[in-house]
Each structure stands twice: as structure tokens, then as C-alpha cells.
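Participant: For reference, the file structure01.txt (compact mmCIF, C-alpha atoms) is included below:
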```
# COMPACT_ATOMS: atom_id res chain seq x y z
CA MET A 282 134.12 109.14 17.11
CA ILE A 283 136.79 111.20 18.88
CA LEU A 284 139.37 113.14 16.87
CA GLU A 285 142.31 110.77 17.37
CA GLU A 286 140.25 107.72 16.49
CA GLU A 287 138.95 109.56 13.46
CA SER A 288 142.46 110.42 12.29
CA VAL A 289 143.44 106.74 12.49
CA PHE A 290 140.23 105.72 10.75
CA ILE A 291 140.87 108.14 7.88
CA LYS A 292 144.38 106.68 7.44
CA GLN A 293 142.82 103.22 7.23
CA LEU A 294 140.37 104.49 4.60
CA LEU A 295 143.22 105.86 2.50
CA ASP A 296 145.52 102.85 2.84
CA SER A 297 144.81 100.37 0.04
CA LYS A 298 145.52 97.44 2.36
CA THR A 299 142.88 98.41 4.92
CA GLN A 300 140.57 100.44 2.70
CA ASN A 301 137.90 97.86 1.98
CA GLU A 302 137.39 96.92 5.59
CA ALA A 303 137.46 100.56 6.69
CA PHE A 304 134.95 101.58 4.04
CA GLN A 305 132.57 98.84 5.09
CA LYS A 306 132.81 100.16 8.64
CA LEU A 307 132.10 103.68 7.35
CA LEU A 308 129.01 102.39 5.55
CA SER A 309 127.72 100.55 8.59
CA ILE A 310 128.06 103.65 10.80
CA TYR A 311 126.74 106.31 8.46
CA GLN A 312 124.39 104.73 5.93
CA LYS A 313 121.27 105.03 8.12
CA PRO A 314 121.66 108.61 9.38
CA LEU A 315 122.68 109.80 5.93
CA TYR A 316 119.82 107.92 4.29
CA TYR A 317 117.19 109.56 6.53
CA HIS A 318 118.80 112.97 6.17
CA ILE A 319 118.57 112.59 2.39
CA ARG A 320 115.10 111.10 2.54
CA ASN A 321 113.82 114.10 4.50
CA ILE A 322 114.88 116.25 1.56
CA VAL A 323 113.95 114.15 -1.45
CA LEU A 324 111.00 112.39 0.25
CA ASN A 325 110.92 109.41 -2.13
CA HIS A 326 112.74 106.15 -1.23
CA ASP A 327 114.12 105.35 -4.70
CA ASP A 328 115.47 108.87 -5.04
CA ALA A 329 116.99 108.68 -1.57
CA ASP A 330 118.67 105.39 -2.51
CA ASP A 331 120.21 106.97 -5.64
CA VAL A 332 121.41 110.02 -3.77
CA LEU A 333 122.85 107.93 -0.93
CA GLN A 334 124.88 105.88 -3.39
CA ASN A 335 126.13 109.01 -5.11
CA THR A 336 127.06 110.43 -1.72
CA PHE A 337 129.20 107.47 -0.74
CA ILE A 338 130.84 107.36 -4.14
CA LYS A 339 131.80 111.00 -3.74
CA VAL A 340 133.01 110.36 -0.20
CA PHE A 341 135.25 107.62 -1.55
CA GLN A 342 136.53 109.75 -4.41
CA TYR A 343 137.29 112.85 -2.38
CA LEU A 344 138.48 111.30 0.86
CA LYS A 345 142.09 111.92 -0.17
CA ASN A 346 141.26 115.64 -0.30
CA PHE A 347 139.64 115.69 3.14
CA LYS A 348 141.83 117.97 5.23
CA GLY A 349 140.32 117.23 8.64
CA GLU A 350 139.19 120.83 9.14
CA SER A 351 135.82 119.50 10.22
CA LYS A 352 134.70 116.14 11.51
CA LEU A 353 134.38 113.35 8.96
CA PHE A 354 130.71 113.08 9.87
CA SER A 355 130.09 116.80 9.13
CA TRP A 356 131.94 116.56 5.84
CA MET A 357 129.87 113.56 4.76
CA TYR A 358 126.64 115.23 5.83
CA ARG A 359 127.57 118.27 3.78
CA ILE A 360 128.13 116.11 0.72
CA ALA A 361 124.80 114.35 1.32
CA THR A 362 122.97 117.67 1.70
CA ASN A 363 124.42 119.08 -1.50
CA GLU A 364 123.71 115.90 -3.43
CA ALA A 365 120.11 115.80 -2.23
CA ILE A 366 119.39 119.46 -2.98
CA THR A 367 121.03 119.19 -6.40
CA PHE A 368 119.00 116.08 -7.10
CA ILE A 369 115.68 117.61 -6.16
CA ASN A 370 116.42 120.75 -8.20
CA GLN A 371 117.38 118.72 -11.26
CA LYS A 372 114.31 116.53 -10.92
CA ALA A 373 112.12 119.60 -10.62
CA LYS A 374 113.58 121.01 -13.84
CA LYS A 375 112.39 117.91 -15.68
CA ASN A 376 109.04 117.37 -13.99
CA ALA A 377 107.84 120.48 -12.19
CA PRO A 378 108.30 124.26 -12.32
CA THR A 379 110.14 124.39 -8.94
CA SER A 380 111.57 122.00 -6.38
CA GLU A 381 108.90 123.20 -3.95
CA ALA A 382 106.16 122.26 -6.43
CA LEU A 383 107.76 118.85 -6.89
CA GLN A 384 108.00 118.22 -3.18
CA THR A 385 104.40 119.35 -2.70
CA ARG A 386 103.30 116.82 -5.30
CA ILE A 387 105.24 114.06 -3.54
CA VAL A 388 103.80 114.92 -0.13
CA GLU A 389 100.26 115.05 -1.52
CA ASN A 390 100.79 111.45 -2.66
CA LEU A 391 102.43 110.21 0.53
CA LYS A 392 99.41 108.12 1.53
CA ALA A 393 99.84 106.09 -1.65
CA ASP A 394 103.60 105.76 -1.16
CA ALA A 395 104.57 102.14 -0.35
CA TYR A 396 107.45 103.38 1.78
CA PHE A 397 105.46 105.70 4.00
CA ASP A 398 103.48 104.40 6.94
CA GLY A 399 102.67 107.63 8.76
CA ASP A 400 99.25 108.64 10.02
CA GLU A 401 97.28 111.83 9.38
CA ILE A 402 99.27 113.94 11.79
CA GLN A 403 102.56 112.77 10.26
CA ILE A 404 101.31 113.64 6.79
CA LYS A 405 100.21 117.04 8.10
CA LEU A 406 103.67 117.54 9.61
CA GLN A 407 105.34 116.77 6.26
CA LYS A 408 103.03 119.25 4.53
CA ALA A 409 103.86 121.84 7.14
CA ILE A 410 107.60 121.33 6.71
CA LEU A 411 107.17 121.92 2.98
CA THR A 412 105.89 125.44 3.62
CA LEU A 413 109.20 126.42 5.24
CA PRO A 414 112.05 128.17 3.43
CA GLU A 415 114.83 125.77 2.43
CA LYS A 416 117.23 126.58 5.27
CA GLN A 417 114.52 126.28 7.92
CA LYS A 418 113.41 122.98 6.39
CA LEU A 419 116.94 121.60 6.67
CA VAL A 420 117.43 122.86 10.19
CA PHE A 421 114.08 121.53 11.36
CA ASN A 422 114.59 118.07 9.84
CA MET A 423 118.11 117.76 11.22
CA ARG A 424 117.14 118.92 14.70
CA TYR A 425 113.73 117.35 15.08
CA PHE A 426 114.02 114.05 13.23
CA GLN A 427 117.75 113.41 13.49
CA ASP A 428 118.53 114.92 16.91
CA LEU A 429 121.65 116.63 15.67
CA LYS A 430 123.27 119.13 18.04
CA TYR A 431 123.39 122.77 17.00
CA GLU A 432 127.21 122.63 16.99
CA GLU A 433 127.12 119.67 14.58
CA MET A 434 124.58 121.43 12.35
CA SER A 435 126.75 124.56 12.41
CA GLU A 436 129.69 122.58 11.02
CA ILE A 437 127.54 120.94 8.36
CA LEU A 438 125.65 124.01 7.18
CA GLY A 439 128.29 126.64 7.84
CA THR A 440 125.84 128.71 9.86
CA SER A 441 126.34 130.01 13.40
CA VAL A 442 124.70 128.22 16.31
CA GLY A 443 122.70 131.34 17.15
CA ALA A 444 121.31 131.62 13.62
CA LEU A 445 120.42 127.94 13.64
CA LYS A 446 118.56 128.26 16.94
CA ALA A 447 116.63 131.19 15.54
CA SER A 448 115.81 129.23 12.36
CA TYR A 449 114.56 126.31 14.39
CA HIS A 450 112.44 128.54 16.60
CA HIS A 451 110.74 130.16 13.57
CA ALA A 452 110.27 126.76 11.88
CA VAL A 453 108.56 125.35 14.96
CA LYS A 454 106.17 128.32 15.16
CA LYS A 455 105.17 128.05 11.48
CA ILE A 456 104.65 124.28 11.70
CA GLU A 457 102.51 124.56 14.80
CA ASP A 458 100.38 127.25 13.10
CA PHE A 459 100.02 125.19 9.94
CA VAL A 460 99.00 122.02 11.78
CA LYS A 461 96.47 123.93 13.92
CA HIS A 462 94.91 126.01 11.14
CA GLY A 463 96.01 124.31 7.90
CA MET B 122 92.79 120.52 14.56
CA GLU B 123 94.09 120.29 18.14
CA ASP B 124 97.07 122.31 19.24
CA PHE B 125 100.25 120.70 18.18
CA LYS B 126 103.15 121.67 20.41
CA ILE B 127 106.39 120.33 19.01
CA LYS B 128 108.42 120.91 22.14
CA GLU B 129 105.82 119.49 24.47
CA ASP B 130 104.03 116.73 22.61
CA ARG B 131 105.52 113.32 22.01
CA LYS B 132 108.02 113.32 19.24
CA LEU B 133 106.68 112.21 15.89
CA GLN B 134 108.57 109.99 13.48
CA SER B 135 108.87 111.06 9.86
CA GLY B 136 106.81 108.08 8.68
CA PHE B 137 109.39 107.21 6.08
CA LYS B 138 110.27 103.52 5.86
CA VAL B 139 112.57 101.40 3.75
CA PRO B 140 112.18 98.10 1.91
CA GLU B 141 112.97 94.98 3.90
CA LEU B 142 116.71 94.28 4.33
CA TYR B 143 117.52 97.53 2.51
CA PHE B 144 120.34 98.58 4.82
CA GLU B 145 121.63 95.03 5.12
CA SER B 146 122.12 94.81 1.36
CA PHE B 147 123.16 98.44 0.85
CA SER B 148 126.74 97.91 2.04
CA GLU B 149 127.22 94.97 -0.31
CA LYS B 150 125.79 97.00 -3.19
CA MET B 151 128.12 99.92 -2.45
CA MET B 152 131.26 97.77 -2.21
CA THR B 153 130.72 96.54 -5.77
CA GLN B 154 130.66 100.15 -6.95
CA ILE B 155 133.82 101.18 -5.20
CA PRO B 156 136.87 100.59 -7.44
CA SER B 157 139.45 98.34 -5.87
CA LYS B 158 142.75 100.13 -5.38
CA ASN B 159 144.55 96.83 -4.66
CA THR B 160 145.01 95.87 -8.26
CA ASN B 161 147.12 98.08 -10.43
CA VAL B 162 145.53 98.15 -13.80
CA ILE B 163 148.11 98.81 -16.44
CA PRO B 164 146.32 99.69 -19.65
CA LEU B 165 147.48 97.65 -22.64
CA PHE B 166 147.08 100.57 -24.92
CA ASN B 167 147.67 103.95 -23.44
CA LYS B 168 145.86 106.23 -25.86
CA ARG B 169 148.05 109.21 -25.08
CA LYS B 170 151.30 107.24 -25.46
CA LYS B 171 149.94 105.67 -28.66
CA TRP B 172 149.46 109.17 -30.07
CA TYR B 173 153.02 110.14 -29.13
CA PHE B 174 154.48 107.00 -30.76
CA THR B 175 152.46 107.57 -33.91
CA ALA B 176 153.63 111.17 -34.14
CA ALA B 177 157.25 110.14 -33.55
CA ALA B 178 157.03 107.44 -36.23
CA VAL B 179 155.65 109.89 -38.78
CA LEU B 180 158.39 112.38 -37.97
CA ILE B 181 161.15 109.79 -38.33
CA LEU B 182 159.67 108.60 -41.62
CA ALA B 183 159.49 112.15 -42.97
CA LEU B 184 163.07 112.87 -41.96
CA SER B 185 164.29 109.60 -43.47
CA ILE B 186 162.64 110.35 -46.79
CA THR B 187 164.17 113.83 -46.83
CA ILE B 188 167.65 112.52 -46.02
CA VAL B 189 167.50 109.73 -48.60
CA GLN B 190 166.31 112.14 -51.27
CA LYS B 191 169.09 114.54 -50.45
CA MET B 192 171.71 111.81 -50.53
CA SER B 193 170.57 110.52 -53.90
CA THR B 194 170.79 113.98 -55.51
CA GLN B 195 174.24 114.65 -54.18
CA MET B 196 177.09 113.26 -56.26
CA ILE B 197 180.17 112.81 -54.26
CA GLU B 198 183.20 113.33 -56.48
CA PRO B 199 186.02 111.17 -55.26
CA ASP B 200 189.53 112.61 -55.43
CA GLY B 201 192.20 111.24 -57.83
CA ALA B 202 193.97 109.14 -55.21
CA THR B 203 190.73 107.54 -54.05
CA LEU B 204 189.78 106.73 -57.63
CA GLU B 205 193.19 105.26 -58.42
CA ASN B 206 193.12 103.10 -55.29
CA TYR B 207 189.64 101.90 -56.21
CA LEU B 208 190.73 100.96 -59.73
CA VAL B 209 193.73 98.99 -58.39
CA SER B 210 191.71 97.18 -55.73
CA ALA B 211 188.97 96.35 -58.20
CA ASN B 212 191.52 94.66 -60.52
CA THR B 213 190.48 96.92 -63.32
CA THR B 214 192.22 96.02 -66.63
CA GLU B 215 193.25 98.38 -69.38
CA ASN B 216 190.50 96.98 -71.57
CA ASP B 217 187.92 97.83 -68.83
CA LEU B 218 189.19 101.39 -68.83
CA VAL B 219 189.16 101.65 -72.60
CA ASP B 220 185.56 100.46 -72.70
CA LEU B 221 184.59 103.31 -70.40
CA LEU B 222 186.23 105.98 -72.57
CA ASP B 223 184.18 107.81 -75.12
CA ASP B 224 185.44 109.97 -78.09
CA GLU B 225 185.64 113.08 -76.02
CA ASP B 226 187.75 111.33 -73.35
CA ILE B 227 190.14 109.97 -76.02
CA LYS B 228 190.51 113.39 -77.60
CA ASN B 229 191.37 114.86 -74.19
CA LEU B 230 194.04 112.22 -73.78
CA ASP B 231 195.75 113.32 -76.93
CA VAL B 232 198.57 115.31 -75.42
CA THR B 233 201.79 116.37 -77.07
CA TYR B 234 204.76 115.85 -74.86
CA ASP B 235 207.82 117.87 -75.55
CA ILE B 236 210.49 115.49 -74.29
CA GLU B 237 214.09 115.56 -75.25
CA ASP B 238 215.56 112.50 -76.98
CA GLN B 239 218.15 112.06 -74.20
CA THR B 240 215.41 111.86 -71.59
CA ILE B 241 213.62 109.17 -73.56
CA GLU B 242 216.81 107.18 -73.96
CA ASP B 243 217.51 107.32 -70.22
CA LEU B 244 214.02 106.16 -69.34
CA LEU B 245 214.20 103.24 -71.78
CA SER B 246 217.59 102.08 -70.48
CA GLN B 247 216.26 101.99 -66.89
CA ASN B 248 213.18 100.01 -67.76
CA THR B 249 213.63 96.25 -67.37
CA ASN B 250 210.35 95.45 -69.03
CA LEU B 251 211.31 96.97 -72.30
CA GLU B 252 211.11 93.73 -74.24
CA GLN B 253 207.68 93.06 -72.96
CA TYR B 254 206.41 96.45 -74.08
CA ILE B 255 207.76 95.74 -77.54
CA ILE B 256 206.00 92.34 -77.60
CA ASP B 257 202.71 93.84 -76.39
```
Could you show the structure in this file as C-alpha cells?

Facilitator:
Amino acid sequence: MILEEESVFIKQLLDSKTQNEAFQKLLSIYQKPLYYHIRNIVLNHDDADDVLQNTFIKVFQYLKNFKGESKLFSWMYRIATNEAITFINQKAKKNAPTSEALQTRIVENLKADAYFDGDEIQIKLQKAILTLPEKQKLVFNMRYFQDLKYEEMSEILGTSVGALKASYHHAVKKIEDFVKHG
Amino acid sequence: MEDFKIKEDRKLQSGFKVPELYFESFSEKMMTQIPSKNTNVIPLFNKRKKWYFTAAAVLILALSITIVQKMSTQMIEPDGATLENYLVSANTTENDLVDLLDDEDIKNLDVTYDIEDQTIEDLLSQNTNLEQYIID
């Protein structure tokens, strides 16, 4: 969506007369990419569903505060990222010593997960991603699975394009090593 | 395991899938959670306003009690003219007044007038009701 169109769209979202229709449009455009972004972090479908709902509720609540300093898409992705990370950390506090331990447990059980239909190599890839530091995990998922541009990721994560490229490069190397030798 | 080259090999999918019709029903589910801004909900009882009204009522009641108590302890002494006017307007008779007098009041009324005989005679000659006073 180009900037002018986005400005008009935001006005429609804030106007009570056009809000419902505009919000339905927002959902139709962004529910899938946001869902998969969240799912890549929390791994489990039910958790992703919860976080996605929370994300859109927050988007609705805070839209009036959105200043247009970034694209609407970047702002929503940022909310989704924060919600997903907060969720996984809170879940880990209840069930596992760390969020990494929790995610490892989930990935180990992926074969039995009704909402996972990947093969051995895909399971191996998920295990490899889990070995990455959090930032590299995010960058890799967003670049590899979601095809986001570095400029878009920079707006979402608040990291420079150069740093993101470097993160991605290191992530790729580690994953390739893990899959080959792991 | 074989070499896995991310940049060269075919791109892998995450393997994550969703229940059937999940995205189709998600929008509908979300719209029920979003509060409608089209209806203005005016609360019947605004808790904060209720607190204010309660506090105001208590204050008014306290002030009223204080004022009433103060008024009841204060005796307003009317002046002589006001009292006289009241007695006339109330059609108070001499007998009514006498009933209100006690021994102390009567004793205070006992005054010795030092009036010359000529003055008395003049007063009596001017008074047209003289006979009536004699009869009474």
C-alpha cells in the first residue's frame, strides 16, 4: 500500500462510520502474514491464534496513537513480534526454565503436531533455527519464510539494513552446519 | 546428511499448517471482539458521579443539621415596637396579657408616678371615654 493510500485507509479505520468495513479489510490483508510471523515464533497453532487475536485487538486499541512515522504494516508487525515474544516468555515461566527450552520441547514434538505436515528436512530446519540467538531467529524467519525486504525488516526491528544482512548471513551458515552435521 | 545450501537449494516451507477454514472464520471471530464505536453507551450509573453526589448529599445534610441546631439555640429578642405590633395584630386582650404575667412581672409593674393633680385633671377632661372607664 502506498503512503497516500495508507493515510486514507488509516482515516477510514479511525472514522466510526467506516471503521468496521476498514477493519475487515485490514484483517483480510494482514491476518495471514501476521499469523505465520507469529507462528514461526511460538510454533504452536493454538498459541499463534491467541497471539494473533491479541495483536489485532492492540492494533485496534492503539490505532488512534499511530503517528505514521513508519508504515502501518511495520507497526503491526512490531506489535505482533512483541506479543509473540512476550507470550513465549510467559509460557516458559509457567512450563519450562527458558523460552528456548520450551521451544525445543515443541519442536521435538512437531511430528505429533496435528498442524505440522513437514518432512524430515523441514523438522531438521526448525531444530536448526532453534539453535540461533533470538535476533538471528527473527531475521531468518522473516527473510527466509516471509520474504520480507531488509528495509521492511529494518523498520520493524529497528535495526540497520547492514546489521540485518550480517545477521542473516550468520544464521544461514549456522543452519547449514547444523543440518549437515546435526 | 547431504549438504543443505539455503541460497541454492529449493526453498523449504515451514511445514506449519492451519485448521480448515481458519482464516475464513478468523475475521468474523475478530469483528465480534472489536467494540463497536457506533453506539454511544451512556452508563446508567456512573460510579464516579455517584460518589460525588453521595459526598455532596452528606455535606448538605451535615450543614443543615448544624444550621438548624444553631437556629434553635439562638433566641431572637424582638424589639418593643415589633412586640407591640404583634400583640395588636394578634387581637390580644388584656385578660390574655394578665394570664401571661407572673408575680415578679406584677411587682415590676408597681410604679409610683409623681403626677401633679392639675395634670391629672387635664387628662381626664380630654378623655371622651371617661364614663366607660368608670363603668369598667

Participant: For the atom pair CA of Ala447 (chain A) and CA of Ser435 (chain A), what is the interatomic distance in Å to one decimal place?

Facilitator: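 Here the two named atoms are 12.5 Å from each other.
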
Participant: Please find the residues of chain A near chain B - the criterion being any atom within 8 Å, counting only C-alpha atoms - and write them as a PyMOL selection string.

Facilitator: chain A and resi 297-298+301+305+308-309+312-313+320-321+324+326+334+337-338+341+396-400+403+407+426+453+457+460-462

Participant: Which value, in Å to one decimal, gives the distance between CA of Glu433 (chain A) and CA of Leu307 (chain A)?

Facilitator: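 About the pair CA of Glu433 (chain A) and CA of Leu307 (chain A): they are 18.2 Å apart.
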
Participant: Could you check how far CA of Lys392 (chain A) sits from CA of His450 (chain A), in Å to one decimal?

Facilitator: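 Distance reported for this atom pair: 28.5 Å.
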
Participant: Could you please give me, as a PyMOL selection string, the residues of protein, DNA or RNA lying at most 10 Å from (120.1, 111.2, 4.4) in the coordinate frame of the file, considering all atoms listed in the file?

Facilitator: chain A and resi 311-323+329-330+332-333+336+358+361-362+364-365+423+427

Participant: Under the rule that only C-alpha atoms are counted, which of A:Lys345, A:Phe354, A:Phe368, A:Phe459 is the nearest residue to Asp331 (chain A)?

Facilitator: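 Ranking A:Lys345, A:Phe354, A:Phe368, A:Phe459 by distance to Asp331 (chain A), first place goes to A:Phe368.
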
Participant: Can you list, as a VMD selection string, every protein, DNA or RNA residue that comes within 9 Å of region 287-289 of chain A when you count all atoms listed in the file, leaving out same-chain residues fewer than 5 positions away?

Facilitator: chain A and resid 282 294 349 352 to 353

Participant: With C-alpha atoms retained, export the selected residues as a PDB file, in the frame of the given file.

Facilitator:
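Result file follows (again-v5.pdb):
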```pdb
ATOM      1  CA  MET A 282     134.120 109.140  17.110  1.00  0.00           C
ATOM      2  CA  LEU A 294     140.370 104.490   4.600  1.00  0.00           C
ATOM      3  CA  GLY A 349     140.320 117.230   8.640  1.00  0.00           C
ATOM      4  CA  LYS A 352     134.700 116.140  11.510  1.00  0.00           C
ATOM      5  CA  LEU A 353     134.380 113.350   8.960  1.00  0.00           C
TER       6      LEU A 353
END
```

Participant: Go through A:Thr367, A:Ser448, A:Thr299, A:Gln384 and flag the residue nearest Phe421 (chain A), using only C-alpha atoms for the distances.

Facilitator: A:Ser448

Participant: Need the shell around Thr385 (chain A): protein/DNA/RNA residues with any atom at most 9 Å away, counting only C-alpha atoms. Skip same-chain ones fewer than 3 positions apart. Format as a list of chain:residue names?

Facilitator: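 Residues meeting the cut-off are A:Ser380, A:Glu381, A:Ala382, A:Val388, A:Glu389, A:Asn390, A:Lys408, A:Leu411, A:Thr412.
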
Participant: For the structure just given, write the atoms of region 399-424 of chain A, namely N, CA and C atoms, as an mmCIF file, in the first residue's frame.

Facilitator:
```cif
data_model
loop_
_atom_site.group_PDB
_atom_site.id
_atom_site.type_symbol
_atom_site.label_atom_id
_atom_site.label_comp_id
_atom_site.auth_asym_id
_atom_site.auth_seq_id
_atom_site.Cartn_x
_atom_site.Cartn_y
_atom_site.Cartn_z
ATOM 1 N N GLY A 399 5.302 -31.075 7.837
ATOM 2 C CA GLY A 399 6.623 -31.066 7.221
ATOM 3 C C GLY A 399 7.291 -32.425 7.252
ATOM 4 N N ASP A 400 8.288 -32.575 6.387
ATOM 5 C CA ASP A 400 9.053 -33.828 6.337
ATOM 6 C C ASP A 400 10.282 -33.713 7.242
ATOM 7 N N GLU A 401 11.171 -34.706 7.113
ATOM 8 C CA GLU A 401 12.357 -34.756 7.988
ATOM 9 C C GLU A 401 13.222 -33.519 7.861
ATOM 10 N N ILE A 402 13.432 -33.081 6.635
ATOM 11 C CA ILE A 402 14.315 -31.940 6.412
ATOM 12 C C ILE A 402 13.699 -30.666 7.001
ATOM 13 N N GLN A 403 12.358 -30.567 6.929
ATOM 14 C CA GLN A 403 11.699 -29.388 7.488
ATOM 15 C C GLN A 403 11.774 -29.392 9.021
ATOM 16 N N ILE A 404 11.678 -30.587 9.590
ATOM 17 C CA ILE A 404 11.824 -30.691 11.049
ATOM 18 C C ILE A 404 13.248 -30.325 11.443
ATOM 19 N N LYS A 405 14.219 -30.792 10.650
ATOM 20 C CA LYS A 405 15.619 -30.502 10.920
ATOM 21 C C LYS A 405 15.868 -28.994 10.839
ATOM 22 N N LEU A 406 15.231 -28.358 9.844
ATOM 23 C CA LEU A 406 15.370 -26.912 9.673
ATOM 24 C C LEU A 406 14.837 -26.181 10.903
ATOM 25 N N GLN A 407 13.676 -26.596 11.393
ATOM 26 C CA GLN A 407 13.094 -25.966 12.592
ATOM 27 C C GLN A 407 14.017 -26.137 13.799
ATOM 28 N N LYS A 408 14.607 -27.310 13.922
ATOM 29 C CA LYS A 408 15.545 -27.559 15.036
ATOM 30 C C LYS A 408 16.766 -26.667 14.904
ATOM 31 N N ALA A 409 17.206 -26.499 13.672
ATOM 32 C CA ALA A 409 18.379 -25.662 13.423
ATOM 33 C C ALA A 409 18.084 -24.211 13.774
ATOM 34 N N ILE A 410 16.930 -23.750 13.389
ATOM 35 C CA ILE A 410 16.536 -22.356 13.683
ATOM 36 C C ILE A 410 16.534 -22.113 15.185
ATOM 37 N N LEU A 411 16.122 -23.139 15.935
ATOM 38 C CA LEU A 411 16.059 -23.001 17.395
ATOM 39 C C LEU A 411 17.425 -22.768 18.027
ATOM 40 N N THR A 412 18.476 -23.188 17.354
ATOM 41 C CA THR A 412 19.817 -23.023 17.942
ATOM 42 C C THR A 412 20.320 -21.594 17.801
ATOM 43 N N LEU A 413 19.636 -20.789 17.006
ATOM 44 C CA LEU A 413 20.083 -19.408 16.752
ATOM 45 C C LEU A 413 19.750 -18.484 17.908
ATOM 46 N N PRO A 414 20.537 -17.425 18.090
ATOM 47 C CA PRO A 414 20.135 -16.386 19.049
ATOM 48 C C PRO A 414 18.840 -15.727 18.573
ATOM 49 N N GLU A 415 18.127 -15.119 19.508
ATOM 50 C CA GLU A 415 16.760 -14.634 19.223
ATOM 51 C C GLU A 415 16.685 -13.713 18.010
ATOM 52 N N LYS A 416 17.579 -12.747 17.929
ATOM 53 C CA LYS A 416 17.546 -11.791 16.818
ATOM 54 C C LYS A 416 17.762 -12.495 15.484
ATOM 55 N N GLN A 417 18.716 -13.406 15.439
ATOM 56 C CA GLN A 417 19.003 -14.132 14.199
ATOM 57 C C GLN A 417 17.814 -15.007 13.807
ATOM 58 N N LYS A 418 17.157 -15.572 14.810
ATOM 59 C CA LYS A 418 15.967 -16.390 14.563
ATOM 60 C C LYS A 418 14.907 -15.562 13.853
ATOM 61 N N LEU A 419 14.651 -14.377 14.413
ATOM 62 C CA LEU A 419 13.638 -13.474 13.860
ATOM 63 C C LEU A 419 13.991 -13.089 12.426
ATOM 64 N N VAL A 420 15.226 -12.677 12.253
ATOM 65 C CA VAL A 420 15.681 -12.208 10.945
ATOM 66 C C VAL A 420 15.563 -13.332 9.926
ATOM 67 N N PHE A 421 16.024 -14.530 10.309
ATOM 68 C CA PHE A 421 15.980 -15.646 9.386
ATOM 69 C C PHE A 421 14.539 -15.981 8.990
ATOM 70 N N ASN A 422 13.664 -16.096 9.973
ATOM 71 C CA ASN A 422 12.262 -16.432 9.691
ATOM 72 C C ASN A 422 11.618 -15.398 8.775
ATOM 73 N N MET A 423 11.874 -14.127 9.080
ATOM 74 C CA MET A 423 11.228 -13.054 8.302
ATOM 75 C C MET A 423 11.770 -13.013 6.870
ATOM 76 N N ARG A 424 13.051 -13.279 6.733
ATOM 77 C CA ARG A 424 13.657 -13.206 5.399
ATOM 78 C C ARG A 424 13.369 -14.467 4.598
#
```
